[in-house]
Amino acid sequence: FYQMTDYKAAGNAFLKQKDYVKAAEQYTLGIQEDPTNESLYSNRSLAYVQSNEAAKGLEDAQKVIELKPEWDRGYLRAAQAQSRLGDYLKCLEMATKGLSIVKDHPQLTALRQHAIQGLQQQLAQQQQFMQQQQAPPKAEPEPKKGRS
């Protein structure tokens with residue numbers, strides 16, 4: 001009979017080994033024992049994001065925020081997931097909310113900067129696309145008339 005803390009410890013060990021799938025499995029077992037433990041959701045969120053399942057990671061991050069809105073970790077996990085999903089606006093929003101709780105958080109600060117750079121890059125691509133759409137079409141060369 002495993003306790004929730006045993007599942008968390010096992011999940012943490014798998015996380016350190018970068019075996020994110022097994023880590024997520026252990027955290028899931030822990031969550032089944034204690035569905036109100038925000039730490040398990042946070043750790044599983046990280047495991048999901050690291051195993052390229054960012055949408056699942058985002059769901060867990062949102063659960064962390066629901067369970068403990070004053071904890072910066074939920075916003076960190078949400079920002080990480082949003083960054084992986086390419087939603088830089090939401091990433092920026094989550095990182096900013098987290099930084100309102102902990103002002104000097106290096107990971108949240110880096111994610112916020114990453115989101116701003118991502119948004120700037122997207123804006124530049126959109127502007128380039130719009131300029132291409134507004135350019136007059138290039139004239140097609142007239143076909144040469146052959147003798148018949």
# chains A, B, ... in the order shown; residues from 1 in each chain; ligands from 1
>>> residues_around(residues="Pro106 of chain A", least_positions_apart="6", cutoff="12 Å", atoms="only C-alpha atoms", output="ChimeraX atom specification")
/A:72,76,95,98-99,112-113
>>> select_by_dssp(residues="chain A", states="alpha helix (DSSP H)", output="PyMOL selection string")
chain A and resi 4-16+20-33+38-50+54-67+72-85+88-101+106-134
>>> residues_around(residues="segment 47-59 of chain A", least_positions_apart="6", cutoff="8 Å", atoms="only C-alpha atoms", output="list in words")
Leu15, Tyr20, Val21, Ala23, Ala24, Arg77, Ala78, Gln80, Ala81, Gln82, Arg84 and Leu85 of chain A
>>> residues_around(residues="Arg73 of chain A", least_positions_apart="6", cutoff="9 Å", atoms="only C-alpha atoms", output="PDB file with N, CA and C atoms, in the first residue's frame")
ATOM      1  N   SER A  39       0.735  20.269  -5.323  1.00  0.00           N
ATOM      2  CA  SER A  39       2.127  19.943  -5.641  1.00  0.00           C
ATOM      3  C   SER A  39       2.203  18.793  -6.652  1.00  0.00           C
ATOM      4  N   SER A  42       1.278  20.153  -9.996  1.00  0.00           N
ATOM      5  CA  SER A  42       2.377  20.974 -10.501  1.00  0.00           C
ATOM      6  C   SER A  42       3.487  20.104 -11.093  1.00  0.00           C
ATOM      7  N   ALA A  61      -1.702  22.706 -14.741  1.00  0.00           N
ATOM      8  CA  ALA A  61      -1.318  24.026 -14.225  1.00  0.00           C
ATOM      9  C   ALA A  61      -2.559  24.811 -13.815  1.00  0.00           C
ATOM     10  N   VAL A  64      -3.685  23.610 -10.525  1.00  0.00           N
ATOM     11  CA  VAL A  64      -2.844  24.159  -9.453  1.00  0.00           C
ATOM     12  C   VAL A  64      -3.343  25.557  -9.080  1.00  0.00           C
ATOM     13  N   ILE A  65      -3.606  26.386 -10.094  1.00  0.00           N
ATOM     14  CA  ILE A  65      -4.074  27.758  -9.857  1.00  0.00           C
ATOM     15  C   ILE A  65      -5.433  27.738  -9.158  1.00  0.00           C
ATOM     16  N   GLY A  98       2.369  35.427 -12.218  1.00  0.00           N
ATOM     17  CA  GLY A  98       3.303  34.787 -11.287  1.00  0.00           C
ATOM     18  C   GLY A  98       4.276  35.785 -10.689  1.00  0.00           C
TER      19      GLY A  98
END
